[in-house]
Each structure stands twice: as structure tokens, then as C-alpha cells.
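As provided, structure-v4.tsv (TSV, C-alpha atoms and all ligand atoms) reads as follows.
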chain	number	residue	atom	x	y	z
A	24	MET	CA	3.01	3.29	8.04
A	25	GLN	CA	0.62	4.09	5.22
A	26	ILE	CA	0.67	1.83	2.11
A	27	VAL	CA	-0.54	2.77	-1.35
A	28	VAL	CA	-0.96	0.09	-4.00
A	29	VAL	CA	-1.52	0.81	-7.67
A	30	GLY	CA	-2.39	-2.11	-9.94
A	31	SER	CA	-5.25	-4.02	-11.48
A	32	VAL	CA	-8.67	-5.03	-10.23
A	33	ALA	CA	-9.95	-7.76	-12.49
A	34	LEU	CA	-12.45	-10.42	-13.29
A	35	ASP	CA	-10.45	-13.60	-13.87
A	36	THR	CA	-11.38	-16.80	-15.67
A	37	ILE	CA	-9.29	-19.62	-14.27
A	38	GLU	CA	-8.83	-23.24	-15.27
A	39	THR	CA	-6.90	-25.57	-12.99
A	40	PRO	CA	-6.64	-29.39	-12.90
A	41	TRP	CA	-9.21	-29.19	-10.05
A	42	GLY	CA	-11.88	-27.09	-11.72
A	43	SER	CA	-12.63	-23.80	-13.40
A	44	ARG	CA	-14.34	-20.52	-12.58
A	45	GLU	CA	-15.42	-17.56	-14.68
A	46	ASP	CA	-15.24	-13.88	-13.74
A	47	CYS	CA	-13.89	-14.39	-10.25
A	48	LEU	CA	-12.54	-11.45	-8.28
A	49	GLY	CA	-8.87	-10.88	-8.94
A	50	GLY	CA	-6.27	-8.39	-10.08
A	51	SER	CA	-2.80	-7.62	-8.80
A	52	ALA	CA	-3.88	-4.71	-6.57
A	53	PHE	CA	-6.93	-6.63	-5.34
A	54	TYR	CA	-4.92	-9.61	-4.06
A	55	PHE	CA	-2.23	-7.34	-2.61
A	56	ALA	CA	-4.72	-5.18	-0.73
A	57	ILE	CA	-6.51	-8.12	0.87
A	58	GLY	CA	-3.19	-9.68	1.94
A	59	ALA	CA	-1.73	-6.44	3.34
A	60	SER	CA	-4.97	-5.54	5.13
A	61	TYR	CA	-4.22	-8.14	7.81
A	62	PHE	CA	-1.40	-5.92	9.04
A	63	ALA	CA	-1.89	-2.29	8.03
A	64	PRO	CA	-4.28	0.18	6.38
A	65	VAL	CA	-4.11	0.04	2.58
A	66	GLN	CA	-5.09	2.65	0.00
A	67	LEU	CA	-5.91	1.26	-3.42
A	68	VAL	CA	-5.59	2.97	-6.81
A	69	ALA	CA	-7.04	1.15	-9.83
A	70	VAL	CA	-9.77	1.40	-12.44
A	71	ALA	CA	-12.93	-0.71	-12.67
A	72	GLY	CA	-15.69	-0.80	-15.27
A	73	THR	CA	-19.40	-0.28	-14.77
A	74	ASP	CA	-19.79	-4.08	-14.53
A	75	TYR	CA	-17.52	-4.35	-11.47
A	76	PRO	CA	-19.59	-6.28	-8.96
A	77	LYS	CA	-20.74	-4.69	-5.71
A	78	THR	CA	-19.45	-7.80	-3.93
A	79	ALA	CA	-15.90	-6.89	-4.96
A	80	ARG	CA	-16.15	-3.45	-3.38
A	81	ALA	CA	-17.79	-4.97	-0.31
A	82	THR	CA	-14.98	-7.53	0.02
A	83	LEU	CA	-12.36	-4.78	-0.02
A	84	ALA	CA	-14.38	-2.50	2.26
A	85	GLU	CA	-14.83	-5.31	4.80
A	86	ARG	CA	-11.05	-5.55	4.99
A	87	ASN	CA	-10.94	-1.75	5.55
A	88	VAL	CA	-9.21	-1.07	2.25
A	89	ASP	CA	-9.52	2.63	1.39
A	90	LEU	CA	-11.25	2.85	-2.00
A	91	ILE	CA	-11.18	6.60	-2.63
A	92	GLY	CA	-8.56	5.95	-5.33
A	93	LEU	CA	-10.65	3.28	-7.09
A	94	GLU	CA	-11.86	4.98	-10.26
A	95	PHE	CA	-14.90	3.86	-12.23
A	96	ALA	CA	-14.86	4.31	-16.00
A	97	ASP	CA	-17.40	3.64	-18.74
A	98	GLY	CA	-16.75	0.20	-20.17
A	99	GLU	CA	-15.91	-3.28	-18.95
A	100	THR	CA	-13.56	-4.21	-16.14
A	101	PHE	CA	-10.13	-5.65	-17.02
A	102	ARG	CA	-10.41	-9.38	-17.69
A	103	TRP	CA	-7.70	-12.00	-17.62
A	104	GLY	CA	-7.85	-15.73	-18.32
A	105	GLY	CA	-5.30	-18.32	-17.23
A	106	ARG	CA	-4.92	-22.09	-17.43
A	107	TYR	CA	-2.68	-24.10	-15.10
A	108	HIS	CA	-0.90	-27.28	-16.09
A	109	GLU	CA	-0.68	-30.45	-14.00
A	110	ASP	CA	2.54	-28.84	-12.73
A	111	MET	CA	0.95	-25.78	-11.15
A	112	ASN	CA	4.14	-23.73	-11.58
A	113	GLN	CA	3.31	-23.68	-15.29
A	114	ARG	CA	0.49	-21.48	-16.53
A	115	ASP	CA	-0.68	-20.16	-19.88
A	116	THR	CA	-2.38	-16.81	-20.29
A	117	LEU	CA	-5.54	-17.50	-22.32
A	118	PHE	CA	-6.54	-13.86	-22.82
A	119	THR	CA	-5.87	-10.35	-21.55
A	120	HIS	CA	-8.69	-7.85	-22.19
A	121	LEU	CA	-7.48	-4.46	-21.03
A	122	ASN	CA	-10.94	-2.84	-21.41
A	123	VAL	CA	-11.06	0.22	-19.10
A	124	PHE	CA	-7.32	-0.10	-18.53
A	125	GLU	CA	-6.71	0.98	-22.10
A	126	HIS	CA	-7.29	4.66	-21.30
A	127	PHE	CA	-6.36	4.61	-17.62
A	128	HIS	CA	-3.89	7.02	-16.06
A	129	PRO	CA	-3.50	6.55	-12.32
A	130	LYS	CA	-4.32	9.67	-10.32
A	131	LEU	CA	-3.40	9.47	-6.66
A	132	PRO	CA	-5.77	11.34	-4.32
A	133	ASP	CA	-3.81	14.12	-2.52
A	134	ASN	CA	-3.65	12.29	0.80
A	135	TYR	CA	-2.11	9.20	-0.90
A	136	CYS	CA	0.91	11.11	-2.25
A	137	ASN	CA	2.75	11.07	1.09
A	138	ALA	CA	2.47	7.31	1.58
A	139	ASP	CA	5.40	5.69	3.41
A	140	ILE	CA	5.28	2.52	1.33
A	141	VAL	CA	4.30	2.43	-2.34
A	142	PHE	CA	3.64	-0.85	-4.11
A	143	LEU	CA	3.61	-0.81	-7.90
A	144	ALA	CA	1.65	-3.99	-8.50
A	145	ASN	CA	1.71	-5.67	-11.89
A	146	ILE	CA	0.42	-3.25	-14.57
A	147	HIS	CA	1.98	-1.66	-17.65
A	148	PRO	CA	5.34	-0.16	-16.58
A	149	SER	CA	4.47	3.20	-18.14
A	150	LEU	CA	1.61	3.46	-15.61
A	151	GLN	CA	3.98	2.47	-12.81
A	152	LEU	CA	6.21	5.39	-13.89
A	153	GLU	CA	3.23	7.78	-13.76
A	154	VAL	CA	2.69	6.78	-10.13
A	155	LEU	CA	6.32	7.49	-9.23
A	156	GLU	CA	5.93	11.03	-10.57
A	157	GLN	CA	3.14	11.67	-8.05
A	158	VAL	CA	4.51	10.29	-4.78
A	159	GLN	CA	6.55	12.46	-2.43
A	160	GLY	CA	9.48	10.93	-0.58
A	161	PRO	CA	8.21	7.45	0.26
A	162	GLN	CA	10.42	5.38	2.56
A	163	LEU	CA	10.09	2.29	0.37
A	164	VAL	CA	9.00	1.77	-3.22
A	165	ALA	CA	8.50	-1.85	-4.26
A	166	MET	CA	7.31	-3.29	-7.54
A	167	ASP	CA	6.20	-6.48	-9.24
A	168	THR	CA	5.99	-7.29	-12.94
A	169	MET	CA	5.33	-10.16	-15.35
A	170	ASN	CA	6.75	-11.85	-18.45
A	171	LEU	CA	4.38	-9.90	-20.74
A	172	TRP	CA	6.06	-6.57	-19.93
A	173	ILE	CA	9.54	-8.05	-20.33
A	174	ASP	CA	8.43	-9.02	-23.85
A	175	VAL	CA	6.54	-5.90	-24.95
A	176	ALA	CA	7.64	-2.94	-22.77
A	177	ARG	CA	11.21	-3.67	-21.77
A	178	GLU	CA	12.51	-0.11	-21.97
A	179	ASP	CA	9.82	1.31	-19.67
A	180	LEU	CA	10.20	-1.67	-17.40
A	181	GLU	CA	13.94	-1.10	-17.00
A	182	ARG	CA	13.25	2.56	-16.25
A	183	VAL	CA	10.86	1.63	-13.40
A	184	ILE	CA	13.25	-0.99	-12.05
A	185	SER	CA	16.01	1.65	-11.91
A	186	LYS	CA	13.82	3.79	-9.61
A	187	VAL	CA	12.60	1.26	-7.02
A	188	ASP	CA	14.09	0.01	-3.76
A	189	LEU	CA	12.68	-3.49	-3.89
A	190	LEU	CA	11.82	-5.75	-6.81
A	191	PHE	CA	9.59	-8.82	-6.47
A	192	LEU	CA	9.77	-11.30	-9.34
A	193	ASN	CA	9.73	-15.04	-9.91
A	194	ASP	CA	12.75	-17.12	-10.89
A	195	GLN	CA	11.64	-17.45	-14.53
A	196	GLU	CA	11.21	-13.68	-14.86
A	197	ALA	CA	14.64	-13.12	-13.29
A	198	MET	CA	16.20	-15.35	-15.94
A	199	GLN	CA	14.16	-13.83	-18.78
A	200	LEU	CA	15.06	-10.30	-17.73
A	201	THR	CA	18.79	-10.91	-17.33
A	202	GLY	CA	19.44	-13.78	-19.72
A	203	ARG	CA	21.25	-15.52	-16.83
A	204	ARG	CA	20.44	-19.06	-15.80
A	205	MET	CA	22.20	-19.03	-12.42
A	206	LEU	CA	20.11	-17.23	-9.84
A	207	LEU	CA	22.98	-15.53	-8.04
A	208	THR	CA	24.34	-14.07	-11.28
A	209	ALA	CA	20.86	-12.97	-12.36
A	210	VAL	CA	20.25	-11.27	-9.02
A	211	GLN	CA	23.62	-9.50	-9.14
A	212	GLN	CA	22.59	-8.06	-12.50
A	213	LEU	CA	19.18	-7.05	-11.11
A	214	HIS	CA	20.87	-5.16	-8.25
A	215	GLU	CA	23.02	-3.36	-10.83
A	216	MET	CA	19.80	-2.25	-12.57
A	217	GLY	CA	18.76	-0.36	-9.41
A	218	PRO	CA	16.95	-2.16	-6.58
A	219	LYS	CA	18.75	-2.53	-3.27
A	220	TRP	CA	16.51	-5.48	-2.41
A	221	VAL	CA	15.36	-8.30	-4.69
A	222	VAL	CA	12.86	-10.99	-3.68
A	223	VAL	CA	12.86	-14.02	-5.97
A	224	LYS	CA	9.71	-16.15	-5.68
A	225	LYS	CA	10.06	-19.82	-6.53
A	226	GLY	CA	6.47	-21.04	-6.25
A	227	GLU	CA	6.18	-24.22	-4.20
A	228	HIS	CA	9.93	-24.00	-3.48
A	229	GLY	CA	9.64	-20.80	-1.46
A	230	ALA	CA	11.30	-17.42	-1.85
A	231	ILE	CA	14.69	-15.79	-1.33
A	232	LEU	CA	15.48	-12.23	-0.25
A	233	PHE	CA	18.71	-10.66	-1.54
A	234	GLY	CA	20.07	-7.41	-0.12
A	235	PRO	CA	23.23	-5.35	0.20
A	236	ASP	CA	26.44	-6.84	1.62
A	237	LYS	CA	25.43	-10.38	0.67
A	238	GLN	CA	22.36	-10.32	2.92
A	239	ARG	CA	20.35	-13.38	1.92
A	240	PHE	CA	17.40	-15.11	3.50
A	241	ALA	CA	15.44	-18.08	2.19
A	242	VAL	CA	12.01	-19.29	3.31
A	243	PRO	CA	10.44	-22.52	2.07
A	244	ALA	CA	6.78	-22.52	1.07
A	245	VAL	CA	4.22	-23.78	3.60
A	246	LEU	CA	3.66	-27.49	2.87
A	247	LEU	CA	0.13	-28.03	1.57
A	248	HIS	CA	-1.81	-31.14	0.61
A	249	ARG	CA	-3.28	-29.40	-2.39
A	250	VAL	CA	-2.66	-26.18	-4.30
A	251	PHE	CA	-6.08	-25.47	-5.76
A	252	ASP	CA	-5.44	-22.19	-7.63
A	253	PRO	CA	-2.13	-20.32	-7.35
A	254	THR	CA	-3.49	-17.13	-8.98
A	255	GLY	CA	-2.56	-14.09	-6.96
A	256	ALA	CA	-0.01	-15.88	-4.79
A	257	GLY	CA	2.72	-13.44	-5.82
A	258	ASP	CA	0.59	-10.36	-5.13
A	259	THR	CA	-0.60	-11.77	-1.82
A	260	PHE	CA	3.00	-12.55	-0.88
A	261	ALA	CA	3.89	-8.91	-1.52
A	262	GLY	CA	0.84	-7.85	0.51
A	263	GLY	CA	1.85	-9.90	3.55
A	264	PHE	CA	5.46	-8.76	3.18
A	265	LEU	CA	4.85	-5.00	2.89
A	266	GLY	CA	1.86	-5.06	5.25
A	267	TYR	CA	4.05	-6.56	7.96
A	268	LEU	CA	6.77	-3.92	7.40
A	269	ALA	CA	4.18	-1.17	7.57
A	270	LYS	CA	2.86	-2.55	10.85
A	271	GLN	CA	6.39	-2.65	12.32
A	272	GLY	CA	7.13	0.82	10.98
A	273	SER	CA	10.63	-0.41	10.26
A	274	LEU	CA	12.77	-1.62	7.38
A	275	ALA	CA	15.42	-3.17	9.64
A	276	PRO	CA	16.97	-6.42	8.33
A	277	GLU	CA	15.28	-8.55	11.02
A	278	HIS	CA	11.90	-7.14	10.02
A	279	LEU	CA	12.59	-7.82	6.33
A	280	ARG	CA	13.26	-11.46	7.26
A	281	GLU	CA	10.05	-11.70	9.24
A	282	ALA	CA	8.24	-10.03	6.32
A	283	MET	CA	9.42	-12.91	4.12
A	284	VAL	CA	7.76	-15.33	6.53
A	285	TYR	CA	4.44	-13.45	6.65
A	286	GLY	CA	4.44	-13.07	2.86
A	287	THR	CA	4.90	-16.83	2.55
A	288	VAL	CA	2.15	-17.54	5.07
A	289	LEU	CA	-0.43	-15.25	3.42
A	290	ALA	CA	0.39	-16.62	-0.04
A	291	SER	CA	-0.22	-20.18	1.20
A	292	PHE	CA	-3.83	-19.33	2.14
A	293	VAL	CA	-4.72	-17.77	-1.19
A	294	THR	CA	-3.70	-20.89	-3.15
A	295	GLU	CA	-6.18	-23.11	-1.33
A	296	GLN	CA	-9.28	-21.80	-3.13
A	297	PHE	CA	-10.30	-19.75	-6.16
A	298	SER	CA	-9.93	-15.98	-5.88
A	299	VAL	CA	-9.72	-14.74	-2.27
A	300	ASP	CA	-12.28	-17.26	-1.00
A	301	HIS	CA	-9.87	-18.62	1.57
A	302	LEU	CA	-7.87	-15.44	2.10
A	303	VAL	CA	-10.73	-13.34	3.43
A	304	GLY	CA	-11.93	-14.25	6.88
A	305	LEU	CA	-8.62	-15.44	8.32
A	306	LYS	CA	-8.07	-15.08	12.04
A	307	THR	CA	-4.82	-13.98	13.64
A	308	GLU	CA	-4.53	-17.52	15.09
A	309	ASP	CA	-4.66	-19.04	11.57
A	310	ILE	CA	-1.81	-16.80	10.42
A	311	GLU	CA	0.28	-17.37	13.53
A	312	ALA	CA	-0.21	-21.17	13.37
A	313	ARG	CA	1.30	-21.26	9.88
A	314	ARG	CA	4.14	-19.00	10.96
A	315	GLU	CA	4.91	-21.56	13.70
A	316	GLU	CA	4.78	-24.38	11.12
A	317	LEU	CA	7.43	-22.59	9.09
A	318	ARG	CA	9.51	-22.00	12.17
A	319	ASP	CA	9.42	-25.72	13.02
A	320	LEU	CA	10.15	-26.67	9.44
A	321	THR	CA	13.32	-24.60	9.35
A	322	ARG	CA	14.59	-24.87	12.92
A	323	TRP	CA	17.88	-26.65	13.43
A	324	GLY	CA	20.58	-26.99	16.04
A	325	LYS	CA	19.21	-27.79	19.49
A	326	VAL	CA	15.51	-28.70	19.05
B	401	LIG	P1	-0.19	-13.61	-10.11
B	401	LIG	O1	-0.81	-14.97	-10.03
B	401	LIG	O2	0.47	-13.17	-8.83
B	401	LIG	O3	0.69	-13.45	-11.31
B	401	LIG	O4	-1.38	-12.56	-10.31
B	401	LIG	C1	-2.51	-12.86	-11.07
B	401	LIG	C2	-3.40	-11.64	-11.16
B	401	LIG	O5	-2.78	-10.68	-12.01
B	401	LIG	C3	-4.74	-11.98	-11.77
B	401	LIG	O6	-5.76	-11.73	-10.83
B	401	LIG	C4	-4.85	-11.09	-13.01
B	401	LIG	O7	-6.08	-10.43	-13.11
B	401	LIG	C5	-3.73	-10.09	-12.86
B	401	LIG	N1	-3.09	-9.84	-14.16
B	401	LIG	C6	-2.78	-10.75	-15.12
B	401	LIG	N2	-2.26	-10.15	-16.21
B	401	LIG	C7	-2.21	-8.81	-15.92
B	401	LIG	C8	-1.79	-7.64	-16.64
B	401	LIG	N3	-1.29	-7.73	-17.88
B	401	LIG	N4	-1.89	-6.44	-16.03
B	401	LIG	C9	-2.40	-6.35	-14.80
B	401	LIG	N5	-2.83	-7.40	-14.07
B	401	LIG	C10	-2.75	-8.61	-14.60

Could you rewrite the structure in this file as C-alpha cells?
Ligand code: AMP
Amino acid sequence: MQIVVVGSVALDTIETPWGSREDCLGGSAFYFAIGASYFAPVQLVAVAGTDYPKTARATLAERNVDLIGLEFADGETFRWGGRYHEDMNQRDTLFTHLNVFEHFHPKLPDNYCNADIVFLANIHPSLQLEVLEQVQGPQLVAMDTMNLWIDVAREDLERVISKVDLLFLNDQEAMQLTGRRMLLTAVQQLHEMGPKWVVVKKGEHGAILFGPDKQRFAVPAVLLHRVFDPTGAGDTFAGGFLGYLAKQGSLAPEHLREAMVYGTVLASFVTEQFSVDHLVGLKTEDIEARREELRDLTRWGKV
């Protein structure tokens, strides 16, 4: 199956308790594309400025990401700054410089419009809506968002949510969006807003998939000695998840469960270094070894 992702490519400035880095390669679509590329071909739609480094394009091209939809505009690339607390689940946004994003309207190349899977990565919900107007009969539309859009663009955000099949969000966003503290109640409300499937990410505590007829599946996070920089973990999770489904060519419940596992595995790699330093260059054996770790961690009954 063909996957199209629309989102940000960025230069991120990150501070963590372990160190800091300026202008490292990031962005919601960037992380997603690298993650998904381990399973299926990805077509990326985003905008970059004239300062976007050649190394970024090379990194994506090496992972066979199709860049025909990557537009270049006069001006600077989108920049985002974040600082993590001692508790790495807590982060403050230091700055968001939209730059070339300010005048961006996603335009899907003709051969992207028939994609089977469309991922609306985190960008302004009005841009996510523009993408939905261009795609023709995808089998699955999934989206991600962030607290900023819940605060400043709620109406557009609710409109996008009403049109997608699958919503990825973290537990804090689920509560913020619904005003509900209990996860099950929040998720019920999210289903009522539109999506058949909801994936709630809980950082180091794993993720839970909720579907129709009380289908539920929880996966713990891979146990790590050190989370170095969690930036992009959510996007990479979505990349592993949707990439796996695209590879299977199936949205059957058993494949959705396995997708949860591969999303978790890919996300674990990205947290071990800044940017995609540890995510690029993985071998199939690395990915499969972590999948086995998760299997062992959650096996019960006769062992
Ligand atoms: P995550 O850690 O999964 O929330 O994703 C972090 C990535 O999202 C970073 O690489 C940022 O460049 C990107 N990002 C942060 N804020 C925004 C925004 N307002 N719009 C688009 N992308 C963003």
C-alpha cells in the first residue's frame, strides 16, 4: 500500500537533562517518514526553506522517501525549540517559528492523490483539511495533533477529527480535548467525535489501541536504560504503525495489534539519540530483536 504523509520538516533546538543541540533535523513528517520507510514506500508533502540542509534531503532519500511533494519556498525552514524536564514526559515549547509554513498550502502531486493510507502529521488543522480535499478514496486516514491546536484552532481540529478513521494522541491531549480525566470516558467521547480507532500514547508507559466493539490492545514501552531525547517519538510510532499496515496491505484487527508493537519498537529507537541519529541505519535484526523483547515482556500463561 502507498502512504502519503503531510506535516512539518523542521530544524529543532532541543534541551534535555543530558545535553542540547541546535538546528537538528526534525519535524512531524520527517520523523514519520523515516519510521515508516522501514516497512513501505512513503511519499512526503511538506515545505522547507532555502536554508534546509542538503543532509536532510539525503537522509530522506537514503531511506527511499519520495520527495516530489517536498516544496521549497523563499525564506527560512520551520523552527521549533523544546526543553525536557527531569521527568522526560514533561516538555515545554520554547519557541515555534512558522517561517515558510506561514504561507504554505499543501499541494499533493497527482500520483499522491490515490494513496491507500494518508497520515495527517501534526500541522495546523486547517492544512490537514486541505489535504483531505485532495485525496481520493483512501482506505485509511490517520491523524496526529498537539496541545497547541487544541488551544488555538479547536473548531478546525474537531472538523478534521470528524473526518478521520484513526486518531493518534497522547493521554494529556485526550484529557485536554474532552475535559475527561478517566481514559475510557475520554476515548468514548473521542469515538463519538468521529474516529473508529483511537491510539492513546502514554510515553514510557506504552500505548493503547481502542476500536469498535470494545476492541482494546495495550503495549508497554520497550524498557530502556536511558531516554536521551523523546522528540519525534509520537511521529515515529505512527510511522512504524502505518508502515507495518501498508506492508501487510491489511487493516485486519490482528495486523492493527502487530502495528502497535512495531510502532512501539520504532519509537524506542528514536528516543536513544538526538534527531534520527539512532533511527536511521537500523537493521531488520535490530527491529525484530526488540519485537521479541516486547513479546517476552508481555507473555503469560505457559512460558
Ligand atoms: P513529537 O515529539 O512527536 O511531539 O514531535 C516533535 C516534532 O514536531 C518536532 O520535530 C517539531 O519540529 C515538530 N513540531 C513541533 N511543533 C509543531 C507545530 N506547531 N507544527 C508542526 N510541527 C511541529

Contact residues around Met169 of chain A with all atoms listed in the file at 12 Å, ignoring same-chain residues under 6 positions, as a list in words: Ser51, Thr116, Ala144, Asn145, Ile146, His147, Pro148, Val175, Ala176, Arg177, Leu180, Leu190, Phe191, Leu192, Asn193, Asp194, Gln195, Glu196, Ala197, Gln199, Leu200, Gly257 and Asp258 of chain A

Neighbourhood of ligand LIG 401 (chain B) at 9 Å, counting only C-alpha atoms and all ligand atoms, reported as a PyMOL selection string: chain A and resi 30-36+47-55+101-105+116+118-121+124+144-147+167-169+171-172+252-260+298

Nearby residues, (5.4, 3.3, -16.3) file frame, 8 Å, all atoms listed in the file, as a VMD selection string: chain A and resid 147 to 154 179 to 180 182 to 183

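Closest approach to Phe297 of chain A among A:Val250, A:Ala63, A:Leu163, A:Leu320: A:Val250, based on all atoms listed in the file.
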
Residue with smallest distance to Tyr61 of chain A - pool A:Leu265, A:Val187, A:Leu317, A:Leu93, counting all atoms listed in the file: A:Leu265

One-decimal distance in Å that lies between atom CA of Glu156 of chain A and atom CA of Asp139 of chain A: 15.0 Å

Val141 of chain A environment, 10 Å, only C-alpha atoms, sequence neighbours closer than 3 positions dropped, as a PyMOL selection string: chain A and resi 25-29+66+135-138+144+154-155+158+161-166+187+265

With C-alpha atoms retained, could you export that selection as a short mmCIF file (atom, residue, chain, number, x, y, z; two decimals), in the frame of the given file?
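Once written, again-v2.cif looks like this:
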data_model
loop_
_atom_site.label_atom_id
_atom_site.label_comp_id
_atom_site.auth_asym_id
_atom_site.auth_seq_id
_atom_site.Cartn_x
_atom_site.Cartn_y
_atom_site.Cartn_z
CA GLN A 25 0.62 4.09 5.22
CA ILE A 26 0.67 1.83 2.11
CA VAL A 27 -0.54 2.77 -1.35
CA VAL A 28 -0.96 0.09 -4.00
CA VAL A 29 -1.52 0.81 -7.67
CA GLN A 66 -5.09 2.65 0.00
CA TYR A 135 -2.11 9.20 -0.90
CA CYS A 136 0.91 11.11 -2.25
CA ASN A 137 2.75 11.07 1.09
CA ALA A 138 2.47 7.31 1.58
CA ALA A 144 1.65 -3.99 -8.50
CA VAL A 154 2.69 6.78 -10.13
CA LEU A 155 6.32 7.49 -9.23
CA VAL A 158 4.51 10.29 -4.78
CA PRO A 161 8.21 7.45 0.26
CA GLN A 162 10.42 5.38 2.56
CA LEU A 163 10.09 2.29 0.37
CA VAL A 164 9.00 1.77 -3.22
CA ALA A 165 8.50 -1.85 -4.26
CA MET A 166 7.31 -3.29 -7.54
CA VAL A 187 12.60 1.26 -7.02
CA LEU A 265 4.85 -5.00 2.89
#

Residue among A:Leu213, A:Met205, A:Leu246, A:Ile140 lying closest to Ser291 of chain A, counting only C-alpha atoms: A:Leu246

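If only C-alpha atoms are the atoms counted, then among A:Leu268, A:Leu305, A:Thr321, A:Ile184 the closest residue to Val293 of chain A is A:Leu305.
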
Radius query 12 Å about (24.7, -5.0, 1.7), atoms used: all atoms listed in the file, as a ChimeraX atom specification: /A:211,214,218-221,232-239,276

Point-to-point distance from atom CA of Glu215 of chain A to atom CA of Asp188 of chain A, Å rounded to tenths: 11.9 Å

Pick from A:Phe142, A:Trp41, A:Tyr285, A:Phe127, whichever lies nearest to Glu316 of chain A using all atoms listed in the file: A:Tyr285

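Here atom CA of Val299 of chain A stands at a distance of 10.5 Å from atom CA of Leu83 of chain A.
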
All residues 9 Å or closer to Tyr75 of chain A, all atoms listed in the file, same chain fewer than 2 positions away omitted, as a PyMOL selection string: chain A and resi 32-34+71-73+77-80+95+99-100

Contacts of Lys130 of chain A within 9 Å, all atoms listed in the file, excl. fewer than 4 positions in-chain, as a PyMOL selection string: chain A and resi 68-69+92+94+153-154+157

Would you write out those residues with C-alpha atoms, as a PDB file, in the frame of the given file?
ATOM      1  CA  VAL A  68      -5.590   2.970  -6.810  1.00  0.00           C
ATOM      2  CA  ALA A  69      -7.040   1.150  -9.830  1.00  0.00           C
ATOM      3  CA  GLY A  92      -8.560   5.950  -5.330  1.00  0.00           C
ATOM      4  CA  GLU A  94     -11.860   4.980 -10.260  1.00  0.00           C
ATOM      5  CA  GLU A 153       3.230   7.780 -13.760  1.00  0.00           C
ATOM      6  CA  VAL A 154       2.690   6.780 -10.130  1.00  0.00           C
ATOM      7  CA  GLN A 157       3.140  11.670  -8.050  1.00  0.00           C
TER       8      GLN A 157
END

Compile the contact shell of Met283 of chain A as a compact mmCIF listing (two decimals) with C-alpha atoms, in the frame of the given file: residues with an atom at most 9 Å away, counting only C-alpha atoms, same-chain residues fewer than 2 positions apart removed.
# COMPACT_ATOMS: atom_id res chain seq x y z
CA VAL A 222 12.86 -10.99 -3.68
CA ALA A 230 11.30 -17.42 -1.85
CA ILE A 231 14.69 -15.79 -1.33
CA LEU A 232 15.48 -12.23 -0.25
CA PHE A 240 17.40 -15.11 3.50
CA ALA A 241 15.44 -18.08 2.19
CA VAL A 242 12.01 -19.29 3.31
CA PHE A 260 3.00 -12.55 -0.88
CA ALA A 261 3.89 -8.91 -1.52
CA GLY A 263 1.85 -9.90 3.55
CA PHE A 264 5.46 -8.76 3.18
CA HIS A 278 11.90 -7.14 10.02
CA LEU A 279 12.59 -7.82 6.33
CA ARG A 280 13.26 -11.46 7.26
CA GLU A 281 10.05 -11.70 9.24
CA TYR A 285 4.44 -13.45 6.65
CA GLY A 286 4.44 -13.07 2.86
CA THR A 287 4.90 -16.83 2.55
CA VAL A 288 2.15 -17.54 5.07

Nearest-residue call for Gly42 of chain A, choices A:His126, A:Arg106, A:Leu90, A:Glu315, using only C-alpha atoms: A:Arg106
